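Presented below is the structure to which this report refers.
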Amino acid sequence: MTNLESVDPLRTAPIRPKLHWASLYDATGNALGYTTYNRLMKEHVSKNIEISENAEKALTVMSIGWKPVKGYYNYWFTMFEANNLPPFLSKDLDLADEIIVPCTHNQKVFSQYTKRKISVCPGGVDSEF
């Protein structure tokens with residue numbers, strides 16, 4: 001049993017936590033990286049977490065222009081490759097309940113612009129890309 005699972009005392013099967021996958025990415029050009037990241041993250045997360053609209057928490061994997069999903073605790077997975085954030089990105093930080101970034105550099109940069117919790121979740125490698 002993983003630490004993501006819990007056991008119902010009346011059942012023998014583990015209960016998988018639920019997550020609403022709010023990202024709707026299918027793009028090319030500059031968005032190709034986020035599209036690929038989103039697809040692979042969803043594929044791997046769904047091995048341990050049930051992807052369902054019937055969840056209390058939502059995850060959006062997106063760069064800019066994201067909107068939180070009403071009625072959910074909203075995680076925003078994003079990143080930016082600079083030492084400062086432009087206004088069009090920093091204004092969106094407080095829309096999230098929690099921000100997830102792929103590295104401690106992003107955590108340090110983003111924390112200059114918001115008091116929201118910022119967690120680090122390193123990205124994986126697609127060896128078949």
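How things are named: the first chain in the structure tokens is A, the next is B, and so on; residues count from 1 in each chain; ligands count from 1 in the order shown.
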
Quick one: residues within 10 Å of Gly65 of chain A, only C-alpha atoms, excluding same-chain residues fewer than 4 positions away - as a PDB file with N, CA and C atoms, in the first residue's frame?
ATOM      1  N   PHE A  88       2.002  39.766 -15.698  1.00  0.00           N
ATOM      2  CA  PHE A  88       0.928  38.911 -16.200  1.00  0.00           C
ATOM      3  C   PHE A  88       0.924  37.532 -15.553  1.00  0.00           C
ATOM      4  N   LEU A  89       2.042  37.112 -14.979  1.00  0.00           N
ATOM      5  CA  LEU A  89       2.103  35.828 -14.291  1.00  0.00           C
ATOM      6  C   LEU A  89       1.924  36.003 -12.785  1.00  0.00           C
ATOM      7  N   LYS A  91       0.285  38.131 -11.090  1.00  0.00           N
ATOM      8  CA  LYS A  91      -1.079  38.465 -10.651  1.00  0.00           C
ATOM      9  C   LYS A  91      -1.951  37.227 -10.504  1.00  0.00           C
ATOM     10  N   ASP A  92      -1.613  36.138 -11.190  1.00  0.00           N
ATOM     11  CA  ASP A  92      -2.408  34.906 -11.125  1.00  0.00           C
ATOM     12  C   ASP A  92      -2.063  34.027  -9.927  1.00  0.00           C
TER      13      ASP A  92
END

*Residues flagged helix (DSSP H, G or I) by DSSP in chain A, as number ranges by chain*: A: 29-45, 87-90, 93-95, 104-111

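Between atom CA of Asp97 of chain A and atom CA of Tyr73 of chain A the separation is 6.1 Å.
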
*asked:* Here is a test: counting only C-alpha atoms, which residue of A:Gly33, A:Pro17, A:Pro86, A:Pro102 is nearest to Val45 of chain A?
replied: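 Result for the nearest residue to Val45 of chain A: A:Pro17.
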
*Which of these residues is nearest to Ile100 of chain A, using only C-alpha atoms: A:Ile49, A:Ala58, A:Leu19, A:Cys121?*
A:Cys121

_Between atom CA of Glu50 of chain A and atom CA of Glu98 of chain A - distance in Å to one decimal_ =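 Distance between the two atoms: 19.7 Å.
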
*Give me every strand (DSSP E) residue in chain A, going by DSSP on the backbone, as a ChimeraX atom specification.*
/A:6-7,14-15,18-21,50-51,57-61,73-77,98-101,117-120

Go ahead and write the residues just picked, N, CA, C and O atoms, as a compact mmCIF listing (two decimals), in the first residue's frame.
# COMPACT_ATOMS: atom_id res chain seq x y z
N SER A 6 -5.59 4.78 1.58
CA SER A 6 -6.03 4.50 2.94
C SER A 6 -6.92 3.26 2.88
O SER A 6 -7.37 2.87 1.80
N VAL A 7 -7.16 2.68 4.01
CA VAL A 7 -7.96 1.46 4.03
C VAL A 7 -9.25 1.72 4.79
O VAL A 7 -9.23 2.26 5.90
N PRO A 14 -7.81 -0.86 -0.88
CA PRO A 14 -7.44 0.52 -0.54
C PRO A 14 -8.35 1.51 -1.25
O PRO A 14 -8.87 1.22 -2.33
N ILE A 15 -8.54 2.66 -0.65
CA ILE A 15 -9.33 3.73 -1.25
C ILE A 15 -8.36 4.72 -1.86
O ILE A 15 -7.49 5.26 -1.17
N LYS A 18 -9.12 11.12 -4.78
CA LYS A 18 -9.65 11.62 -6.04
C LYS A 18 -9.09 13.01 -6.33
O LYS A 18 -8.84 13.80 -5.42
N LEU A 19 -8.94 13.30 -7.61
CA LEU A 19 -8.45 14.59 -8.06
C LEU A 19 -9.15 14.95 -9.37
O LEU A 19 -9.22 14.12 -10.29
N HIS A 20 -9.66 16.17 -9.44
CA HIS A 20 -10.24 16.66 -10.69
C HIS A 20 -9.11 17.22 -11.55
O HIS A 20 -8.39 18.12 -11.11
N TRP A 21 -8.92 16.68 -12.75
CA TRP A 21 -7.86 17.15 -13.65
C TRP A 21 -8.45 18.27 -14.49
O TRP A 21 -9.22 18.05 -15.40
N GLU A 50 -7.37 8.57 -8.36
CA GLU A 50 -8.50 8.48 -9.28
C GLU A 50 -8.78 9.88 -9.85
O GLU A 50 -9.02 10.82 -9.10
N ILE A 51 -8.74 9.99 -11.17
CA ILE A 51 -9.07 11.26 -11.83
C ILE A 51 -10.58 11.31 -11.96
O ILE A 51 -11.19 10.46 -12.62
N LYS A 57 -10.52 18.39 -4.77
CA LYS A 57 -9.35 19.15 -5.20
C LYS A 57 -9.20 19.07 -6.71
O LYS A 57 -9.50 18.05 -7.31
N ALA A 58 -8.70 20.16 -7.30
CA ALA A 58 -8.49 20.23 -8.74
C ALA A 58 -7.04 20.63 -9.01
O ALA A 58 -6.45 21.42 -8.27
N LEU A 59 -6.49 20.08 -10.09
CA LEU A 59 -5.13 20.42 -10.51
C LEU A 59 -5.17 20.98 -11.93
O LEU A 59 -5.78 20.38 -12.82
N THR A 60 -4.52 22.12 -12.11
CA THR A 60 -4.36 22.70 -13.44
C THR A 60 -2.87 22.78 -13.72
O THR A 60 -2.11 23.34 -12.92
N VAL A 61 -2.43 22.22 -14.84
CA VAL A 61 -1.05 22.29 -15.29
C VAL A 61 -1.03 23.27 -16.46
O VAL A 61 -1.53 22.97 -17.54
N TYR A 73 -10.66 22.94 -4.12
CA TYR A 73 -9.38 23.44 -3.65
C TYR A 73 -8.47 23.35 -4.86
O TYR A 73 -8.31 22.27 -5.45
N ASN A 74 -7.88 24.46 -5.31
CA ASN A 74 -7.17 24.51 -6.58
C ASN A 74 -5.66 24.51 -6.43
O ASN A 74 -5.08 25.40 -5.79
N TYR A 75 -5.04 23.49 -7.04
CA TYR A 75 -3.59 23.42 -7.20
C TYR A 75 -3.26 23.95 -8.58
O TYR A 75 -3.92 23.60 -9.57
N TRP A 76 -2.22 24.75 -8.67
CA TRP A 76 -1.76 25.24 -9.97
C TRP A 76 -0.31 24.80 -10.13
O TRP A 76 0.56 25.21 -9.37
N PHE A 77 -0.06 23.92 -11.09
CA PHE A 77 1.30 23.49 -11.40
C PHE A 77 1.80 24.38 -12.54
O PHE A 77 1.23 24.39 -13.63
N GLU A 98 -2.99 26.57 -3.73
CA GLU A 98 -1.62 26.08 -3.54
C GLU A 98 -0.96 26.02 -4.90
O GLU A 98 -1.59 25.66 -5.90
N ILE A 99 0.34 26.34 -4.94
CA ILE A 99 1.10 26.34 -6.18
C ILE A 99 2.12 25.21 -6.13
O ILE A 99 2.73 24.97 -5.08
N ILE A 100 2.28 24.53 -7.26
CA ILE A 100 3.27 23.46 -7.35
C ILE A 100 4.22 23.82 -8.48
O ILE A 100 3.78 24.18 -9.58
N VAL A 101 5.51 23.74 -8.21
CA VAL A 101 6.54 24.07 -9.20
C VAL A 101 7.53 22.91 -9.28
O VAL A 101 7.62 22.11 -8.36
N LYS A 117 1.07 28.71 -0.27
CA LYS A 117 1.99 27.58 -0.13
C LYS A 117 2.50 27.19 -1.51
O LYS A 117 1.73 27.07 -2.46
N ILE A 118 3.81 26.99 -1.60
CA ILE A 118 4.44 26.58 -2.86
C ILE A 118 5.20 25.28 -2.60
O ILE A 118 6.16 25.26 -1.83
N SER A 119 4.76 24.21 -3.24
CA SER A 119 5.39 22.90 -3.10
C SER A 119 6.23 22.60 -4.33
O SER A 119 5.94 23.10 -5.43
N VAL A 120 7.24 21.77 -4.16
CA VAL A 120 8.11 21.37 -5.27
C VAL A 120 7.81 19.92 -5.63
O VAL A 120 7.79 19.05 -4.77

*Proximity to Cys103 of chain A - best of A:Ala22, A:Pro87, A:Pro122, A:Tyr72, only C-alpha atoms*: A:Pro122

_Rounded to one decimal, what separation in Å do you get between atom CA of Met62 of chain A and atom CA of Thr78 of chain A?_
5.6 Å

*Using only C-alpha atoms, which residues sit within 7 Å of Asn106 of chain A once same-chain residues fewer than 4 positions away are excluded, as number ranges by chain?*
A: 79-80, 101, 110
